[in-house]
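Student: I have a structure here, written as structure tokens, and I will follow up with some questions on it.
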Amino acid sequence: MRFLKSAAGTILAGLLAATSVSAHHSFAAEFDGHAVIRLTGTLTKVDWSNPHSYFYVDVKDENGRIVNWGCEAGAPGALSRRGLKKIDLKIGDAIIVDGYRAKDGSHLIDARRVTLSDGRSVYGGSQGDGGPGDGEGK
């Protein structure tokens, strides 16, 4: 009986670990390290959640149309330790995001540097993801 409980616990732990690993991906799995992009626009939405925070920016394209871009950043705890708090991201603020485009060509970037309307610049990447600048900005 003790063996069965131990085996069941091990299987459950393995399943939980596999679930969290699949939710967190490497930089190279989704983003192109050669497709550098800078977005300058207006903050429209913030999702402050694990394992990645997302925020959204309205940006004018080359034809003058407004395009909403998703910006993937690190976990909230990591961003907070670097000096970026959720209250710093105010809807309607002008923001600059430097990062790398998604491989699938969608309007999604890996946000490596975020420059807020007050001029502060914060490293937004996920440590350990293998992307450009991994570990910088501490």
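Chains: A, B, ... in order of the structure tokens. Residues: from 1 per chain. Ligands: from 1, in order shown.
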If we count only C-alpha atoms and set the cut-off at 7 Å, which residues sit around Leu39 of chain A, ignoring sequence neighbours fewer than 2 positions away in its own chain? Please answer as a PyMOL selection string.

Tutor: chain A and resi 37+41+59+96-98

Student: Would you list the contacts of Ala102 of chain A as an MDAnalysis selection string, taking every protein, DNA or RNA residue within 6 Å and counting only C-alpha atoms, but skipping same-chain residues closer than 5 positions in sequence?

Tutor: chainID A and resid 30:31 108:109

Student: Just to confirm, what's the straight-line distance from atom CA of Arg113 of chain A to atom CA of Gly99 of chain A in Å (one decimal)?

Tutor: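 Separation between atom CA of Arg113 of chain A and atom CA of Gly99 of chain A: 6.6 Å.
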
Student: Report, in Å with one decimal, the straight-line distance from atom CA of Val46 of chain A to atom CA of Asp61 of chain A.

Tutor: 21.3 Å

Student: Give the answer as one residue: which of A:Gly119, A:Lys103, A:Gly64, A:Ser80 has the shortest atom-to-atom distance to Ala29 of chain A, using only C-alpha atoms?

Tutor: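 Going through A:Gly119, A:Lys103, A:Gly64, A:Ser80 one by one, the smallest distance to Ala29 of chain A is for A:Lys103.
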
Student: Near Leu89 of chain A, within 12 Å and counting only C-alpha atoms, which residues show up once chain neighbours fewer than 6 positions away are dropped, as a list in words?

Tutor: Thr42, Leu43, Thr44, Lys45, Val46, Asp47, Trp48, Ser53, Tyr54, Phe55, Tyr56, Val57, Leu79, Ser80, Gly83, Ile95, Ile96, Val114, Thr115, Leu116, Ser117, Asp118, Arg120 and Val122 of chain A

Student: Taking N, CA and C atoms for each residue, export the selection above as a tab-separated table (two decimals), in the first residue's frame.

Tutor:
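The file below, result-v2.tsv, is the result:
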```tsv
chain	number	residue	atom	x	y	z
A	42	THR	N	0.99	53.30	-27.48
A	42	THR	CA	0.18	53.56	-26.30
A	42	THR	C	-0.22	52.26	-25.64
A	43	LEU	N	0.01	52.15	-24.35
A	43	LEU	CA	-0.33	50.96	-23.58
A	43	LEU	C	-1.85	50.81	-23.50
A	44	THR	N	-2.35	49.60	-23.87
A	44	THR	CA	-3.80	49.38	-23.88
A	44	THR	C	-4.28	48.34	-22.88
A	45	LYS	N	-3.40	47.41	-22.46
A	45	LYS	CA	-3.83	46.33	-21.58
A	45	LYS	C	-2.60	45.73	-20.90
A	46	VAL	N	-2.79	45.23	-19.67
A	46	VAL	CA	-1.72	44.57	-18.93
A	46	VAL	C	-2.26	43.27	-18.33
A	47	ASP	N	-1.57	42.15	-18.58
A	47	ASP	CA	-1.86	40.87	-17.94
A	47	ASP	C	-0.66	40.51	-17.08
A	48	TRP	N	-0.74	40.74	-15.79
A	48	TRP	CA	0.36	40.57	-14.84
A	48	TRP	C	0.21	39.18	-14.23
A	53	SER	N	4.36	37.76	-18.02
A	53	SER	CA	3.46	38.91	-18.07
A	53	SER	C	3.31	39.31	-19.53
A	54	TYR	N	2.15	39.81	-19.85
A	54	TYR	CA	1.91	40.33	-21.19
A	54	TYR	C	1.34	41.73	-21.05
A	55	PHE	N	1.75	42.61	-21.97
A	55	PHE	CA	1.10	43.89	-22.07
A	55	PHE	C	0.92	44.18	-23.55
A	56	TYR	N	-0.01	45.07	-23.85
A	56	TYR	CA	-0.41	45.30	-25.22
A	56	TYR	C	-0.28	46.78	-25.55
A	57	VAL	N	0.20	47.05	-26.77
A	57	VAL	CA	0.53	48.40	-27.18
A	57	VAL	C	-0.08	48.68	-28.55
A	79	LEU	N	10.12	40.80	-12.77
A	79	LEU	CA	10.01	42.20	-13.21
A	79	LEU	C	10.02	43.15	-12.02
A	80	SER	N	9.33	42.76	-10.95
A	80	SER	CA	9.30	43.59	-9.74
A	80	SER	C	10.70	43.75	-9.14
A	83	GLY	N	12.59	46.36	-10.79
A	83	GLY	CA	12.09	47.73	-10.65
A	83	GLY	C	10.84	48.04	-11.43
A	95	ILE	N	4.79	54.33	-24.43
A	95	ILE	CA	5.77	53.32	-24.01
A	95	ILE	C	6.60	52.92	-25.23
A	96	ILE	N	7.85	52.56	-24.98
A	96	ILE	CA	8.74	52.05	-26.04
A	96	ILE	C	9.16	50.65	-25.63
A	114	VAL	N	11.97	47.66	-21.84
A	114	VAL	CA	10.75	48.45	-21.78
A	114	VAL	C	11.12	49.83	-21.25
A	115	THR	N	10.80	50.87	-22.04
A	115	THR	CA	11.05	52.24	-21.61
A	115	THR	C	9.70	52.88	-21.29
A	116	LEU	N	9.55	53.25	-20.04
A	116	LEU	CA	8.29	53.81	-19.55
A	116	LEU	C	8.18	55.30	-19.89
A	117	SER	N	6.99	55.84	-19.71
A	117	SER	CA	6.76	57.25	-20.04
A	117	SER	C	7.58	58.19	-19.17
A	118	ASP	N	8.02	57.74	-17.99
A	118	ASP	CA	8.86	58.59	-17.14
A	118	ASP	C	10.34	58.49	-17.50
A	120	ARG	N	12.29	55.76	-17.45
A	120	ARG	CA	12.98	54.58	-16.91
A	120	ARG	C	12.96	53.45	-17.92
A	122	VAL	N	13.70	49.23	-18.27
A	122	VAL	CA	13.77	48.01	-17.48
A	122	VAL	C	13.94	46.81	-18.41
```

Student: Which residue is closest to His107 of chain A? Choose from A:Ser121, A:Asn63, A:Asn68, A:Ser49 and count only C-alpha atoms.

Tutor: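 Going through A:Ser121, A:Asn63, A:Asn68, A:Ser49 one by one, the smallest distance to His107 of chain A is for A:Asn68.
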